[in-house]
Amino acid sequence: MTLLGAVKPLHVDDPFYYEHATQIAANALDPFGHEVFWRQWPKPGIESLAPPVVTHWWALAIRLFGERPWAWKLWMLPFSVLLAYSLESLFRRYARGLEVSLLCMVLVSPTVLPSLNLMIDVPELALSLAALVIFMRSVDARCAGRAAVAGLVAGLAMQTKYTALLVPWTMLLYALSVNIRRVALWLITVVVAASIFIAWEQWTSWRYGHGQFLWHLQYGFPEKWGMPRMTTSLVMMLGGLAAPTALLGLVGLGCERTVVHAATAALVVLYLLVIAAPVEHLVFALSGLGVAVVMLLVVCRLCWPFRVRRWRSGRWRADRREWFLVAWLMLLVVGYFVLSPFGAARRLLAISVVMTILPGRLASLRRRAHPGGAIWPAVAASTLLGMLYYTVDLTEALALKSGAQAAARKIRQQHRDATIWFVGHWGFQYYAEQARMKPVIPDHTTLRRGDWLVHPLRIHRPYITLIPDAVETVDKLVIEPIVPIGTLPHYYGGETPLAHLDRPLLEVMVYRMTADVEAVTFWSAERVVQWALRHSGGTLQRAAPALARALSSENPETRRWATYCLARIGPAADSAIPALVGMLRDESPDCVQAAGWALAHIQPTALTGALQHDDARVREGAARALGSMGPRARTARRALRRALDDPDEGVRRAAVEALEQIDAVSGPQSP
């Protein structure tokens with residue numbers, strides 16, 4: 001599993017975590033003292049969602065091996081071993097006799113194998129399951145020491161990825177399923193885990209002014225999906241990724257081999273349909289509903305209240321293991337909706353594990369009673385699907401790598417010392433920077449005449465617009481897919497795990513600049529304001545030039561909210577002062593007032609200085625804005641008194657009203 005992961009180039013979010021790892025490798029005591037360019041504008045490291053465990057582990061590999069991605073991938077072997085150990089322990093506990101088969105189903109599954117990049121998801125799963133296994137053994141042995149060790153591992157899991165916050169609640173469910181007295185051991189585990197988690201947050205708060213978790217708890221993910229789309233994604237993702245567990249469920253339910261083989265053949269046909277035509281939404285929706293039905297039947301077969309007409313409390317002890325598994329699955333599903341900002345295959349890692357344990361337990365119980373039951377169709381389907389997803393994902397990762405390298409090589413052949421810019425994230429970003437390209441930052445990068453621009457199409461990238469007359473198309477690189485299906489971006493952020501491709505795997509445009517031009521954001525003023533309202537801090541500061549342009553929008557609401565966002569930025573938005581001063585002549589009184597407030601937050605002297613502007617409408621707007629500020633504008637009374645002698649009547653009237661508003665609130669004061 002680790003060797004297969006080492007073959008794959010850096011992919012998807014790997015470059016994002018690479019930026020954090022390189023910063024830690026260079027300065028371990030300042031892990032977030034850098035900027036990360038991801039999405040539209042760069043953001044401070046502390047405002048990026050990158051908990052410390054994996055990035056620190058990766059930083060150690062960078063110090064030991066240098067720039068060798070294959071060595072970094074092999075360095076992740078301990079997480080793979082820990083995951084295998086934890087899974088084997090769970091399968092031995094709940095599905096004895098099928099440990100090896102179920103282990104193959106999970107480790108080489110379409111959910112786990114392609115996800116083993118340099119991201120945080122698989123390490124978090126490994127640590128979370130290890131913490132749970134250790135806690136289970138502490139409960140069985142009534143050992144407080146093991147409970148403390150479980151808390152230590154759980155704390156590391158929570159600082160690997162914040163979805164591990166569900167682990168303590170899973171432990172509580174297990175403790176309650178065994179004996180309510182075991183809650184004391186759970187309290188020990190929670191105290192240790194919380195101490196580790198809080199200690200890191202306290203240190204980062206002291207070092208940077210706020211903790212990383214608290215920052216994201218306050219501002220959240222800016223583009224979170226709604227409940228209907230999350231539900232649709234859950235069903236279709238399970239239809240594409242968890243179909244082998246449905247085959248396992250059919251075996252556990254006692255279906256004839258012909259039924260299992262027919263279901264396996266139907267699964268093959270469904271994937272052939274996806275390869276042949278763009279029908280993945282329909283195919284995975286039907287498959288997902290089938291998986292849900294089979295899992296419901298498995299739960300009904302395992303849990304006694306669904307098998308007897310009358311509930312008998314004495315059956316609880318006999319069925320507590322099954323009830324724990326069902327409660328664990330329900331907890332993970334709720335956590336999916338609460339903690340996940342958007343649908344992705346990696347959001348279902350823990351869910352897929354429990355969805356393997358449940359039918360695995362039923363198959364194990366049936367196997368003891370009827371030794372003839374075979375689960376090889378489910379194991380084969382899971383392994384083959386895992387290799388299919390891995391191969392498709394590998395080809396896309398190789399395409400991004402080769403696309404960046406080929407573009408740089410062609411340009412260097414013509415101009416050895418050319419200045420090459422690029423747009424694009426995912427693995428393309430890492431290999432472009434390794435090829436000595438520079439990233440284009442919207443509103444902050446100026447491309448000079450003679451510079452080159454490499455622009456991959458249909459991948460995650462910042463949105464920029466250039467003057468058509470300043471750009472000359474030189475070349476176009478096209479990489480065709482081997483099989484017309486792809487995982488990007490669907491597997492890592494979509495409603496289906498893969499999709500039919502009716503286009504090339506990757507297209508890279510190579511341009512040359514024929515004139516100096518500034519790369520400005522492609523977004524409309526309304527889109528810029530919507531983005532800015534969902535961000536804060538240093539992340540928001542980079543949007544100041546785009547917000548300054550939004551002040552010229554025809555929509556007064558857009559102009560007003562743009563001034564509000566600029567006021568939130570504060571002094572760092574000083575480049576927007578001329579635009580805000582010009583807005584003091586706005587026809588909307590609300591916009592004039594908002595511009596005054598923004599100037600007061602950015603540079604208070606700019607507002608009083610506007611009382612001497614050449615444009616009388618600006619002077620009048622400045623006076624009205626100062627008046628609306630009430631006692632906060634006391635320091636501007638001297639400038640307002642001078643405005644009483646202004647040659648424009650409107651300015652004089654506004655100055656009188658402003659002084660009256662200030663004095664009415666704060667009382668008369670000497671000039």
# chains A, B, ... in the order shown; residues from 1 in each chain; ligands from 1
>>> select_by_dssp(residues="region 24-95 of chain A", states="strand (DSSP E)", output="number ranges by chain")
A: 35-37, 42-44
>>> write_last_selection(atoms="C-alpha atoms", output="CSV table (one decimal), in the first residue's frame")
chain,number,residue,atom,x,y,z
A,35,GLU,CA,1.9,32.7,3.7
A,36,VAL,CA,0.2,29.9,1.8
A,37,PHE,CA,-1.1,30.6,-1.7
A,42,PRO,CA,-2.5,34.0,-0.3
A,43,LYS,CA,-3.4,33.6,3.4
A,44,PRO,CA,-1.3,33.5,6.6
>>> select_by_dssp(residues="region 472-622 of chain A", states="helix (DSSP H, G or I)", output="PyMOL selection string")
chain A and resi 490-493+525-533+537-541+544-550+556-583+589-602+604-612+616-622
>>> closest_atom_pairs(of="region 387-432 of chain A", to="region 109-126 of chain A", cutoff="10 Å", atoms="only C-alpha atoms", output="tab-separated table")
residue	atom	partner	partner_atom	distance
A:Met387	CA	A:Pro110	CA	7.2
A:Leu388	CA	A:Pro110	CA	7.7
A:Tyr389	CA	A:Pro110	CA	5.8
A:Tyr390	CA	A:Pro114	CA	4.8
A:Thr391	CA	A:Pro114	CA	8.4
A:Val392	CA	A:Pro114	CA	9.1
A:Asp393	CA	A:Pro114	CA	6.8
A:Leu394	CA	A:Pro114	CA	8.2
>>> atom_distance(atom1="CA of Arg619 (chain A)", atom2="CA of Thr563 (chain A)")
18.4 Å
>>> closest_residue(among="A:Glu19, A:Glu280, A:Asp417, A:Asp614", to="Asp648 (chain A)", atoms="only C-alpha atoms")
A:Asp614
>>> residues_around(residues="region 211-216 of chain A", least_positions_apart="2", cutoff="7 Å", atoms="only C-alpha atoms", output="list of chain:residue names")
A:Ile46, A:Glu47, A:Glu201, A:Gln202, A:Thr204, A:Ser205, A:Gln218, A:Tyr219, A:Gly220
>>> residues_around(residues="Ala184 (chain A)", least_positions_apart="5", cutoff="12 Å", atoms="only C-alpha atoms", output="mmCIF file with N, CA and C atoms, in the first residue's frame")
data_model
loop_
_atom_site.group_PDB
_atom_site.id
_atom_site.type_symbol
_atom_site.label_atom_id
_atom_site.label_comp_id
_atom_site.auth_asym_id
_atom_site.auth_seq_id
_atom_site.Cartn_x
_atom_site.Cartn_y
_atom_site.Cartn_z
ATOM 1 N N PHE A 135 -8.342 2.062 23.658
ATOM 2 C CA PHE A 135 -9.361 2.317 24.675
ATOM 3 C C PHE A 135 -10.203 1.062 24.919
ATOM 4 N N SER A 138 -8.345 -1.078 27.149
ATOM 5 C CA SER A 138 -8.311 -0.556 28.519
ATOM 6 C C SER A 138 -9.615 -0.862 29.248
ATOM 7 N N VAL A 139 -10.733 -0.791 28.524
ATOM 8 C CA VAL A 139 -12.022 -1.121 29.135
ATOM 9 C C VAL A 139 -12.090 -2.612 29.461
ATOM 10 N N ARG A 142 -9.801 -3.035 32.357
ATOM 11 C CA ARG A 142 -10.018 -2.064 33.433
ATOM 12 C C ARG A 142 -8.694 -1.407 33.827
ATOM 13 N N CYS A 143 -7.954 -0.946 32.817
ATOM 14 C CA CYS A 143 -6.602 -0.405 33.019
ATOM 15 C C CYS A 143 -6.607 1.092 32.758
ATOM 16 N N ALA A 144 -6.339 1.895 33.774
ATOM 17 C CA ALA A 144 -6.302 3.352 33.624
ATOM 18 C C ALA A 144 -5.099 3.791 32.794
ATOM 19 N N ALA A 147 -5.965 3.575 29.243
ATOM 20 C CA ALA A 147 -6.904 4.655 28.924
ATOM 21 C C ALA A 147 -6.164 5.967 28.694
ATOM 22 N N ALA A 148 -5.117 6.226 29.485
ATOM 23 C CA ALA A 148 -4.319 7.440 29.292
ATOM 24 C C ALA A 148 -3.577 7.398 27.960
ATOM 25 N N MET A 171 -15.670 6.498 21.809
ATOM 26 C CA MET A 171 -15.210 5.797 23.012
ATOM 27 C C MET A 171 -16.288 5.776 24.085
ATOM 28 N N LEU A 172 -17.010 6.881 24.227
ATOM 29 C CA LEU A 172 -18.089 6.916 25.212
ATOM 30 C C LEU A 172 -19.168 5.896 24.867
ATOM 31 N N ALA A 175 -17.862 2.541 25.949
ATOM 32 C CA ALA A 175 -17.867 2.374 27.398
ATOM 33 C C ALA A 175 -19.283 2.109 27.911
ATOM 34 N N LEU A 176 -20.255 2.845 27.383
ATOM 35 C CA LEU A 176 -21.637 2.644 27.808
ATOM 36 C C LEU A 176 -22.164 1.288 27.361
ATOM 37 N N ASN A 179 -20.334 -1.234 30.144
ATOM 38 C CA ASN A 179 -20.816 -1.050 31.508
ATOM 39 C C ASN A 179 -20.702 0.430 31.828
ATOM 40 N N THR A 189 -9.356 9.204 29.545
ATOM 41 C CA THR A 189 -8.968 9.349 28.138
ATOM 42 C C THR A 189 -9.272 10.752 27.626
ATOM 43 N N VAL A 190 -10.448 11.246 27.946
ATOM 44 C CA VAL A 190 -10.854 12.569 27.457
ATOM 45 C C VAL A 190 -9.972 13.662 28.049
ATOM 46 N N VAL A 191 -9.644 13.560 29.319
ATOM 47 C CA VAL A 191 -8.801 14.569 29.958
ATOM 48 C C VAL A 191 -7.428 14.630 29.287
#
>>> residues_around(residues="Val12 (chain A)", least_positions_apart="2", cutoff="10 Å", atoms="only C-alpha atoms", output="ChimeraX atom specification")
/A:9-10,14-16,117-119,396-397,400,425-429,459-460,488-489,492
>>> write_last_selection(atoms="C-alpha atoms", output="PDB file, in the first residue's frame")
ATOM      1  CA  PRO A   9       3.463  12.285  -7.693  1.00  0.00           C
ATOM      2  CA  LEU A  10       2.306  15.032  -5.374  1.00  0.00           C
ATOM      3  CA  ASP A  14      -0.320  17.800  -1.222  1.00  0.00           C
ATOM      4  CA  PRO A  15       1.344  21.113  -2.254  1.00  0.00           C
ATOM      5  CA  PHE A  16      -0.793  22.933   0.320  1.00  0.00           C
ATOM      6  CA  ASN A 117      -1.279  10.843  -0.663  1.00  0.00           C
ATOM      7  CA  LEU A 118       0.621  13.225   1.612  1.00  0.00           C
ATOM      8  CA  MET A 119      -2.620  14.588   2.989  1.00  0.00           C
ATOM      9  CA  GLU A 396      -4.177  12.293 -13.521  1.00  0.00           C
ATOM     10  CA  ALA A 397      -1.391  12.989 -11.053  1.00  0.00           C
ATOM     11  CA  LEU A 400      -0.351  17.331 -13.926  1.00  0.00           C
ATOM     12  CA  HIS A 425      -2.947  24.531  -7.825  1.00  0.00           C
ATOM     13  CA  TRP A 426      -3.027  20.825  -6.957  1.00  0.00           C
ATOM     14  CA  GLY A 427       0.055  18.875  -7.981  1.00  0.00           C
ATOM     15  CA  PHE A 428       0.602  21.241 -10.911  1.00  0.00           C
ATOM     16  CA  GLN A 429       1.641  23.976  -8.471  1.00  0.00           C
ATOM     17  CA  ILE A 459      -8.069  22.497 -12.642  1.00  0.00           C
ATOM     18  CA  HIS A 460      -8.246  24.319  -9.331  1.00  0.00           C
ATOM     19  CA  LEU A 488     -10.478  15.119 -10.587  1.00  0.00           C
ATOM     20  CA  PRO A 489     -12.080  16.981  -8.981  1.00  0.00           C
ATOM     21  CA  TYR A 492     -11.618  14.929  -3.861  1.00  0.00           C
TER      22      TYR A 492
END
>>> closest_residue(among="A:Leu325, A:Cys255, A:Pro244, A:Ile188", to="Arg93 (chain A)", atoms="only C-alpha atoms")
A:Leu325
>>> closest_residue(among="A:Gln159, A:Ser352, A:Thr539, A:Thr264", to="Leu234 (chain A)", atoms="only C-alpha atoms")
A:Ser352
>>> atom_distance(atom1="CA of Leu358 (chain A)", atom2="CA of Gly226 (chain A)")
28.8 Å
>>> residues_around(residues="Ala550 (chain A)", least_positions_apart="3", cutoff="12 Å", atoms="only C-alpha atoms", output="PyMOL selection string")
chain A and resi 521+523-530+532+543-547+553-566+576+579-580+583
>>> write_last_selection(atoms="C-alpha atoms", output="PDB file, in the first residue's frame")
ATOM      1  CA  THR A 521      -9.214  38.891 -10.532  1.00  0.00           C
ATOM      2  CA  TRP A 523     -14.636  37.847 -10.397  1.00  0.00           C
ATOM      3  CA  SER A 524     -17.400  40.403 -10.575  1.00  0.00           C
ATOM      4  CA  ALA A 525     -17.710  43.039  -7.864  1.00  0.00           C
ATOM      5  CA  GLU A 526     -20.582  41.092  -6.306  1.00  0.00           C
ATOM      6  CA  ARG A 527     -18.529  37.869  -6.207  1.00  0.00           C
ATOM      7  CA  VAL A 528     -15.562  39.662  -4.639  1.00  0.00           C
ATOM      8  CA  VAL A 529     -17.768  41.129  -1.912  1.00  0.00           C
ATOM      9  CA  GLN A 530     -19.417  37.771  -1.225  1.00  0.00           C
ATOM     10  CA  ALA A 532     -14.733  38.977   1.391  1.00  0.00           C
ATOM     11  CA  ALA A 543      -8.446  41.193  -1.489  1.00  0.00           C
ATOM     12  CA  ALA A 544      -8.101  44.936  -0.803  1.00  0.00           C
ATOM     13  CA  PRO A 545      -7.329  45.899  -4.466  1.00  0.00           C
ATOM     14  CA  ALA A 546     -10.314  43.895  -5.723  1.00  0.00           C
ATOM     15  CA  LEU A 547     -12.555  45.470  -3.062  1.00  0.00           C
ATOM     16  CA  SER A 553     -20.066  48.882  -8.890  1.00  0.00           C
ATOM     17  CA  GLU A 554     -23.427  50.123 -10.120  1.00  0.00           C
ATOM     18  CA  ASN A 555     -25.144  48.363  -7.208  1.00  0.00           C
ATOM     19  CA  PRO A 556     -25.164  50.611  -4.100  1.00  0.00           C
ATOM     20  CA  GLU A 557     -25.444  47.558  -1.804  1.00  0.00           C
ATOM     21  CA  THR A 558     -22.304  46.088  -3.330  1.00  0.00           C
ATOM     22  CA  ARG A 559     -20.463  49.404  -2.841  1.00  0.00           C
ATOM     23  CA  ARG A 560     -21.612  49.656   0.766  1.00  0.00           C
ATOM     24  CA  TRP A 561     -20.561  46.099   1.660  1.00  0.00           C
ATOM     25  CA  ALA A 562     -17.242  46.597  -0.093  1.00  0.00           C
ATOM     26  CA  THR A 563     -16.525  49.593   2.153  1.00  0.00           C
ATOM     27  CA  TYR A 564     -17.509  47.497   5.159  1.00  0.00           C
ATOM     28  CA  CYS A 565     -14.969  44.819   4.196  1.00  0.00           C
ATOM     29  CA  LEU A 566     -12.275  47.453   3.662  1.00  0.00           C
ATOM     30  CA  ALA A 576      -8.044  51.820  -1.282  1.00  0.00           C
ATOM     31  CA  ALA A 579     -11.258  55.075  -4.120  1.00  0.00           C
ATOM     32  CA  LEU A 580     -12.912  55.621  -0.740  1.00  0.00           C
ATOM     33  CA  MET A 583     -16.864  57.488  -2.904  1.00  0.00           C
TER      34      MET A 583
END
>>> residues_around(residues="Val53 (chain A)", least_positions_apart="3", cutoff="12 Å", atoms="only C-alpha atoms", output="VMD selection string")
chain A and resid 17 20 to 21 24 31 50 56 to 60 76 79 119 to 121 123 to 124 127 153 to 162 196 to 197 200
>>> closest_residue(among="A:Val167, A:Met236, A:Ala150, A:Ala408", to="Leu185 (chain A)", atoms="only C-alpha atoms")
A:Ala150
>>> atom_distance(atom1="CA of Leu102 (chain A)", atom2="CA of Val353 (chain A)")
9.5 Å
>>> closest_residue(among="A:Leu398, A:Arg137, A:Gly650, A:Tyr85", to="Val7 (chain A)", atoms="only C-alpha atoms")
A:Leu398
>>> closest_residue(among="A:Ala616, A:Val251, A:Val520, A:Ala95", to="Trp376 (chain A)", atoms="only C-alpha atoms")
A:Val251
